[in-house]
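Pasting structure39.txt here (compact mmCIF, C-alpha atoms and all ligand atoms):
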```
# COMPACT_ATOMS: atom_id res chain seq x y z
CA MET B 1 -253.44 36.19 45.58
CA ILE B 2 -254.96 38.66 43.15
CA SER B 3 -253.09 39.09 39.86
CA LEU B 4 -253.35 42.45 38.11
CA LYS B 5 -253.32 42.26 34.31
CA SER B 6 -251.34 44.47 31.95
CA GLU B 7 -253.01 46.27 29.04
CA ARG B 8 -251.51 43.65 26.73
CA GLU B 9 -253.03 40.81 28.76
CA ILE B 10 -256.42 42.52 28.87
CA GLU B 11 -256.24 42.94 25.08
CA ALA B 12 -255.51 39.19 24.74
CA MET B 13 -258.48 38.34 26.96
CA LYS B 14 -260.66 40.68 24.89
CA LYS B 15 -259.80 38.69 21.75
CA ALA B 16 -260.90 35.49 23.52
CA GLY B 17 -264.01 37.32 24.75
CA GLU B 18 -264.96 38.59 21.30
CA LEU B 19 -264.78 35.05 19.96
CA LEU B 20 -266.97 33.86 22.83
CA ALA B 21 -269.50 36.63 22.12
CA TYR B 22 -269.54 35.61 18.46
CA ILE B 23 -270.31 32.01 19.51
CA HIS B 24 -273.25 33.23 21.63
CA SER B 25 -274.54 35.24 18.65
CA GLN B 26 -274.43 32.07 16.51
CA ILE B 27 -276.27 30.09 19.22
CA ASN B 28 -278.90 32.82 19.28
CA GLU B 29 -279.38 32.34 15.50
CA VAL B 30 -280.04 28.59 15.69
CA ILE B 31 -281.74 28.06 19.04
CA ALA B 32 -285.32 26.83 18.53
CA PRO B 33 -287.61 23.98 19.55
CA GLY B 34 -286.21 20.68 18.23
CA ILE B 35 -282.50 21.48 18.40
CA THR B 36 -280.52 19.83 21.17
CA THR B 37 -277.92 21.14 23.60
CA TRP B 38 -275.61 18.56 22.02
CA ASP B 39 -276.02 20.47 18.71
CA ILE B 40 -275.07 23.68 20.59
CA GLU B 41 -272.05 21.90 22.14
CA GLU B 42 -270.82 20.82 18.69
CA LEU B 43 -271.45 24.23 17.12
CA SER B 44 -269.61 26.03 19.94
CA HIS B 45 -266.62 23.71 19.93
CA LYS B 46 -266.40 23.81 16.11
CA ILE B 47 -266.24 27.61 16.07
CA MET B 48 -263.55 27.62 18.78
CA LYS B 49 -261.42 25.18 16.76
CA GLN B 50 -261.96 27.13 13.53
CA HIS B 51 -260.50 30.19 15.25
CA GLY B 52 -257.54 28.37 16.81
CA ALA B 53 -259.07 28.44 20.28
CA THR B 54 -259.63 25.62 22.76
CA ALA B 55 -262.43 24.78 25.18
CA GLN B 56 -261.06 25.39 28.66
CA GLN B 57 -263.88 23.51 30.39
CA ILE B 58 -262.86 20.18 28.81
CA GLY B 59 -260.75 18.38 31.42
CA TYR B 60 -261.47 20.95 34.13
CA ASN B 61 -261.88 18.81 37.27
CA GLY B 62 -262.86 15.99 34.92
CA TYR B 63 -265.63 17.93 33.15
CA LYS B 64 -266.07 16.51 29.63
CA TYR B 65 -267.71 19.21 27.54
CA ALA B 66 -266.92 22.57 25.94
CA THR B 67 -270.21 23.99 27.23
CA CYS B 68 -272.55 23.71 30.18
CA ALA B 69 -276.22 23.59 29.18
CA SER B 70 -278.68 24.07 32.04
CA ILE B 71 -282.39 23.74 31.25
CA ASN B 72 -285.34 25.22 33.27
CA ASP B 73 -284.81 24.29 36.96
CA GLU B 74 -281.13 23.46 36.36
CA ILE B 75 -279.02 26.28 37.81
CA CYS B 76 -275.62 25.49 36.28
CA HIS B 77 -273.24 22.74 35.11
CA GLY B 78 -275.88 20.86 33.10
CA PHE B 79 -274.37 18.45 30.57
CA PRO B 80 -275.08 18.95 26.85
CA ARG B 81 -277.64 16.28 25.85
CA LYS B 82 -279.25 14.82 22.72
CA LYS B 83 -282.77 15.56 24.00
CA PRO B 84 -284.58 18.16 21.83
CA LEU B 85 -285.35 21.51 23.45
CA LEU B 86 -289.07 22.22 23.77
CA ASN B 87 -291.06 25.34 23.03
CA GLY B 88 -291.14 27.39 26.25
CA ASP B 89 -287.90 26.04 27.75
CA ILE B 90 -285.20 28.38 29.02
CA VAL B 91 -281.59 27.20 28.72
CA THR B 92 -278.32 28.68 29.98
CA ILE B 93 -275.25 28.07 27.82
CA ASP B 94 -271.94 28.71 29.63
CA MET B 95 -268.41 28.28 28.27
CA VAL B 96 -264.79 29.33 28.71
CA VAL B 97 -262.71 30.06 25.60
CA ASN B 98 -258.90 29.78 25.62
CA LEU B 99 -257.25 31.80 22.86
CA ASP B 100 -253.45 31.84 22.94
CA GLY B 101 -253.42 31.04 26.66
CA TYR B 102 -255.83 33.79 27.72
CA LEU B 103 -259.35 33.00 28.89
CA ALA B 104 -262.81 34.49 28.69
CA ASP B 105 -265.95 33.19 30.41
CA SER B 106 -269.53 34.04 29.50
CA ALA B 107 -272.95 32.49 30.06
CA TRP B 108 -276.23 33.50 28.50
CA SER B 109 -279.79 32.29 29.08
CA TYR B 110 -281.96 31.78 26.01
CA GLY B 111 -285.71 31.39 25.63
CA VAL B 112 -286.70 28.54 23.28
CA GLY B 113 -289.55 29.50 20.94
CA GLU B 114 -292.37 31.27 22.78
CA ILE B 115 -291.72 31.56 26.53
CA ASP B 116 -294.27 32.60 29.16
CA ASP B 117 -294.34 35.93 30.98
CA LEU B 118 -292.69 34.63 34.15
CA SER B 119 -289.76 33.25 32.13
CA LYS B 120 -289.48 36.56 30.27
CA LYS B 121 -289.39 38.46 33.55
CA LEU B 122 -286.77 36.07 34.97
CA LEU B 123 -284.48 36.55 31.95
CA ASP B 124 -285.00 40.30 32.02
CA VAL B 125 -284.33 40.70 35.76
CA THR B 126 -281.28 38.40 35.68
CA LYS B 127 -279.70 40.22 32.74
CA LYS B 128 -280.40 43.65 34.29
CA SER B 129 -278.88 42.48 37.58
CA LEU B 130 -275.66 41.57 35.75
CA TYR B 131 -275.39 45.08 34.30
CA LEU B 132 -276.16 46.67 37.68
CA GLY B 133 -273.31 44.60 39.12
CA ILE B 134 -270.96 45.61 36.30
CA GLU B 135 -271.80 49.27 36.95
CA GLN B 136 -270.31 48.85 40.45
CA ALA B 137 -267.05 47.27 39.17
CA ARG B 138 -265.02 50.44 39.63
CA VAL B 139 -261.64 51.26 41.14
CA GLY B 140 -262.12 51.99 44.85
CA ASN B 141 -265.42 50.09 45.19
CA ARG B 142 -265.47 46.70 46.89
CA THR B 143 -266.77 43.29 45.86
CA GLY B 144 -269.69 43.78 48.26
CA ASP B 145 -270.89 46.75 46.21
CA ILE B 146 -271.31 44.41 43.23
CA GLY B 147 -273.13 41.75 45.26
CA ALA B 148 -275.40 44.22 47.02
CA ALA B 149 -276.49 45.89 43.76
CA ILE B 150 -277.41 42.51 42.28
CA GLN B 151 -279.16 41.15 45.37
CA THR B 152 -281.19 44.30 46.02
CA PHE B 153 -282.55 44.43 42.48
CA VAL B 154 -283.28 40.70 42.22
CA GLU B 155 -285.08 40.53 45.57
CA ALA B 156 -287.08 43.72 44.83
CA ASN B 157 -288.43 41.78 41.85
CA GLY B 158 -289.47 38.83 44.04
CA PHE B 159 -286.72 36.44 42.91
CA SER B 160 -283.68 35.04 44.76
CA VAL B 161 -279.91 34.96 44.17
CA VAL B 162 -278.13 31.59 44.22
CA ARG B 163 -275.54 31.49 47.03
CA GLU B 164 -273.53 28.34 46.27
CA PHE B 165 -271.84 29.64 43.10
CA SER B 166 -269.98 32.88 42.56
CA GLY B 167 -268.06 34.97 40.06
CA HIS B 168 -264.26 34.97 40.16
CA GLY B 169 -261.03 36.43 38.96
CA ILE B 170 -259.88 35.03 35.60
CA GLY B 171 -256.76 35.27 33.44
CA GLN B 172 -254.57 32.38 32.37
CA GLU B 173 -256.52 30.31 34.92
CA MET B 174 -260.30 29.86 34.87
CA HIS B 175 -260.78 30.58 38.55
CA GLU B 176 -258.54 33.14 40.24
CA ASP B 177 -259.00 35.41 43.26
CA PRO B 178 -261.05 37.28 44.26
CA MET B 179 -264.36 35.51 44.68
CA ILE B 180 -267.27 37.68 43.51
CA LEU B 181 -270.43 36.96 45.49
CA HIS B 182 -273.73 38.02 43.91
CA TYR B 183 -275.15 39.05 47.28
CA GLY B 184 -273.73 40.99 50.20
CA HIS B 185 -273.27 44.40 51.71
CA PRO B 186 -272.04 47.71 50.24
CA HIS B 187 -268.51 48.80 51.30
CA LYS B 188 -267.60 45.22 52.34
CA GLY B 189 -265.24 42.71 50.75
CA VAL B 190 -262.14 43.08 48.60
CA ARG B 191 -261.24 46.51 47.23
CA LEU B 192 -261.30 46.64 43.42
CA GLN B 193 -258.12 47.75 41.66
CA GLU B 194 -257.15 48.75 38.14
CA GLY B 195 -256.03 45.67 36.19
CA MET B 196 -258.27 43.15 37.94
CA VAL B 197 -260.22 40.96 35.53
CA ILE B 198 -263.29 39.25 36.98
CA THR B 199 -266.49 37.52 36.02
CA ILE B 200 -269.89 38.59 37.27
CA GLU B 201 -272.40 35.80 36.72
CA PRO B 202 -275.59 36.01 38.79
CA MET B 203 -277.76 32.89 38.88
CA VAL B 204 -281.32 33.88 39.78
CA ASN B 205 -284.18 31.59 40.85
CA VAL B 206 -287.90 32.32 40.65
CA GLY B 207 -288.35 30.59 44.03
CA HIS B 208 -285.95 29.86 46.87
CA TRP B 209 -282.18 30.16 46.31
CA LYS B 210 -281.40 26.69 47.68
CA SER B 211 -280.09 24.07 45.26
CA THR B 212 -279.53 20.32 45.11
CA LEU B 213 -276.80 18.45 43.25
CA ASP B 214 -277.67 15.71 40.74
CA ASP B 215 -276.22 12.20 41.01
CA ASN B 216 -273.81 13.09 38.17
CA GLY B 217 -271.87 15.15 40.74
CA TRP B 218 -272.07 18.32 38.62
CA THR B 219 -275.52 19.62 37.81
CA ALA B 220 -277.10 21.96 40.35
CA ARG B 221 -280.85 22.51 40.24
CA THR B 222 -283.31 24.48 42.32
CA LYS B 223 -284.49 22.57 45.38
CA ASP B 224 -288.06 23.80 44.95
CA GLY B 225 -288.16 23.01 41.20
CA SER B 226 -288.52 26.68 40.21
CA LEU B 227 -286.90 28.13 37.08
CA SER B 228 -283.34 29.50 37.15
CA ALA B 229 -281.45 31.80 34.76
CA GLN B 230 -277.92 33.21 34.46
CA PHE B 231 -276.05 35.91 32.57
CA GLU B 232 -272.28 36.23 32.80
CA HIS B 233 -269.65 38.57 31.41
CA THR B 234 -265.88 38.75 31.87
CA LEU B 235 -264.76 42.34 32.50
CA ALA B 236 -261.66 44.35 33.31
CA ILE B 237 -261.52 47.07 35.95
CA THR B 238 -259.87 50.07 34.32
CA ALA B 239 -259.20 53.68 35.26
CA ASP B 240 -262.08 54.57 32.92
CA GLY B 241 -264.53 52.14 34.55
CA PRO B 242 -265.63 48.59 33.78
CA LEU B 243 -264.59 47.24 30.36
CA ILE B 244 -266.70 44.26 29.25
CA LEU B 245 -264.45 41.78 27.41
CA THR B 246 -267.13 39.29 26.29
CA GLU B 247 -268.98 41.52 23.84
CA LYS B 248 -268.91 41.36 20.03
CA LYS B 249 -266.48 43.66 18.22
N1 LIG U 301 -267.93 28.62 33.21
C1 LIG U 301 -268.04 28.23 34.60
C2 LIG U 301 -267.79 29.45 35.47
O1 LIG U 301 -268.46 30.40 35.28
C3 LIG U 301 -267.19 27.08 34.94
C4 LIG U 301 -267.87 25.84 34.65
S1 LIG U 301 -267.20 24.55 35.51
C5 LIG U 301 -266.77 23.47 34.30
O2 LIG U 301 -266.98 29.52 36.33
F1 LIG U 301 -266.32 22.41 34.83
F2 LIG U 301 -267.82 23.25 33.57
F3 LIG U 301 -265.86 23.98 33.55
CO CO U 302 -267.40 31.97 35.49
```

Could I get this structure in the form of structure tokens?
Ligand code: MF3
Ligand code: CO
Amino acid sequence: MISLKSEREIEAMKKAGELLAYIHSQINEVIAPGITTWDIEELSHKIMKQHGATAQQIGYNGYKYATCASINDEICHGFPRKKPLLNGDIVTIDMVVNLDGYLADSAWSYGVGEIDDLSKKLLDVTKKSLYLGIEQARVGNRTGDIGAAIQTFVEANGFSVVREFSGHGIGQEMHEDPMILHYGHPHKGVRLQEGMVITIEPMVNVGHWKSTLDDNGWTARTKDGSLSAQFEHTLAITADGPLILTEKK
């Protein structure tokens, strides 16, 4: 079942999204070789609490942390750790903020210190693919238009799109219908309507798209050991086009 959100609900989600964007901007200020993803976990959770928000990921299917922190070949759902980040690492920080019962979800990949050209290209292509997907999030288009735009661009750049994880509807629940695949065919899938709020969150690998799951039951990493990156926004589909909710005021 797809729930359509009122203007008031979208406004509430935008407040949660602006707080989330502010947290990412603070992470961007401090991220450097030597800091740990545990430091980022504490910083993120502290800012949520200071603003009267809660961390929706804590307790979700038994997950224990406010953030996911996925380093290098880790695709998603890495646990925050006390191991210092190294110069040249790339790390994806993902979180869901709950402000007054309304949610926002956004992930961002960061380069730590000086990163090499391949890592730079991976971050650049992944972020661009997100915005190409968002551009397709229009009334009358279908979910396949989003996936196809992302897949075509990523593969033209020699990288691959992860298949096992997708974007999703979001509202008062973290995961709602519809599922948003980051690959697919134009004109296929669910028709997009005004009032839908979704995430688009492509995970892109340098090598093959296949992943393996760690023994912790959560962390996915590339099967071939290649680097992986992710950028995610929460956005509303409006009569005027896509409205990104996880951007700073
Ligand atoms: N933020 C993730 C998403 O994009 C959800 C992470 S799963 C959790 O859907 F258990 F860590 F919360
Ligand atoms: Co998400």

Return the single residue from B:Lys14, B:His168, B:Lys120, B:His185 that is closest to ligand CO 302 (chain U), with distances computed using all atoms listed in the file.
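Selected residue with least distance to ligand CO 302 (chain U): B:His168.
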
Rank B:Ser119, B:Ser106, B:Asn157, B:Ser228 by their smallest atom-to-atom distance to ligand CO 302 (chain U), using all atoms listed in the file, and report the top residue only.
B:Ser106

Find the nearest atom pair between each residue of chain B and ligand CO 302 (chain U) for residues within 12 Å, count only C-alpha atoms and all ligand atoms, give distances in Å to one decimal, sort rows by chain and ascending number, and present the table as a Markdown table.
```
| residue | atom | partner | partner_atom | distance |
| --- | --- | --- | --- | --- |
| B:Gln56 | CA | U:CO302 | CO | 11.4 |
| B:Gln57 | CA | U:CO302 | CO | 10.5 |
| B:Thr67 | CA | U:CO302 | CO | 11.8 |
| B:Cys68 | CA | U:CO302 | CO | 11.1 |
| B:Cys76 | CA | U:CO302 | CO | 10.5 |
| B:His77 | CA | U:CO302 | CO | 10.9 |
| B:Ile93 | CA | U:CO302 | CO | 11.6 |
| B:Asp94 | CA | U:CO302 | CO | 8.1 |
| B:Met95 | CA | U:CO302 | CO | 8.2 |
| B:Val96 | CA | U:CO302 | CO | 7.7 |
| B:Val97 | CA | U:CO302 | CO | 11.1 |
| B:Leu103 | CA | U:CO302 | CO | 10.5 |
| B:Ala104 | CA | U:CO302 | CO | 8.6 |
| B:Asp105 | CA | U:CO302 | CO | 5.4 |
| B:Ser106 | CA | U:CO302 | CO | 6.7 |
| B:Ala107 | CA | U:CO302 | CO | 7.8 |
| B:Trp108 | CA | U:CO302 | CO | 11.4 |
| B:Phe165 | CA | U:CO302 | CO | 9.1 |
| B:Ser166 | CA | U:CO302 | CO | 7.6 |
| B:Gly167 | CA | U:CO302 | CO | 5.5 |
| B:His168 | CA | U:CO302 | CO | 6.4 |
| B:Gly169 | CA | U:CO302 | CO | 8.5 |
| B:Ile170 | CA | U:CO302 | CO | 8.1 |
| B:Gly171 | CA | U:CO302 | CO | 11.3 |
| B:Glu173 | CA | U:CO302 | CO | 11.0 |
| B:Met174 | CA | U:CO302 | CO | 7.4 |
| B:His175 | CA | U:CO302 | CO | 7.4 |
| B:Glu176 | CA | U:CO302 | CO | 10.1 |
| B:Asp177 | CA | U:CO302 | CO | 11.9 |
| B:Met179 | CA | U:CO302 | CO | 10.3 |
| B:Ile180 | CA | U:CO302 | CO | 9.8 |
| B:Leu181 | CA | U:CO302 | CO | 11.6 |
| B:Val197 | CA | U:CO302 | CO | 11.5 |
| B:Ile198 | CA | U:CO302 | CO | 8.5 |
| B:Thr199 | CA | U:CO302 | CO | 5.6 |
| B:Ile200 | CA | U:CO302 | CO | 7.3 |
| B:Glu201 | CA | U:CO302 | CO | 6.4 |
| B:Pro202 | CA | U:CO302 | CO | 9.7 |
| B:Met203 | CA | U:CO302 | CO | 10.9 |
| B:Gln230 | CA | U:CO302 | CO | 10.6 |
| B:Phe231 | CA | U:CO302 | CO | 9.9 |
| B:Glu232 | CA | U:CO302 | CO | 7.0 |
| B:His233 | CA | U:CO302 | CO | 8.1 |
| B:Thr234 | CA | U:CO302 | CO | 7.8 |
| B:Leu235 | CA | U:CO302 | CO | 11.1 |
| B:Thr246 | CA | U:CO302 | CO | 11.8 |
```

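Our summary of the geometry notes that CA of Gly111 in chain B is positioned 10.1 Å from CA of Ile71 in chain B.
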
Put a box with edges along x, y and z around all the listed atoms of ligand LIG 301 (chain U), pad it by 4 Å on each side, then give me its centre and sizes in Å, one decimal, as AutoDock Vina command-line options.
```
--center_x -267.2 --center_y 26.4 --center_z 34.8 --size_x 10.6 --size_y 16.0 --size_z 11.1
```

Would you please work out which residue, of B:Gly158, B:Asp215, B:Leu227, B:Ile146, is nearest to Pro242 in chain B when using all atoms listed in the file?
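Answer, going by the shortest atom-to-atom distance: B:Ile146.
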
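When CA of Glu11 in chain B is paired with CA of Lys248 in chain B, their separation reads 13.7 Å.
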
So the first atom is CA of Leu130 in chain B and the second is atom C2 of ligand LIG 301 (chain U); what is the distance between them in Å, to one decimal place?
14.5 Å

Go through B:Ala53, B:Ala66, B:Val125, B:Val112 and flag the residue nearest ligand LIG 301 (chain U), using all atoms listed in the file for the distances.
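Among the listed residues, B:Ala66 lies closest to ligand LIG 301 (chain U).
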
So, with all atoms listed in the file as the atoms that count, which of B:Asp240, B:Glu164, B:Asp116, B:Asp89 lies closest to ligand LIG 301 (chain U)?
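Selected residue with least distance to ligand LIG 301 (chain U): B:Glu164.
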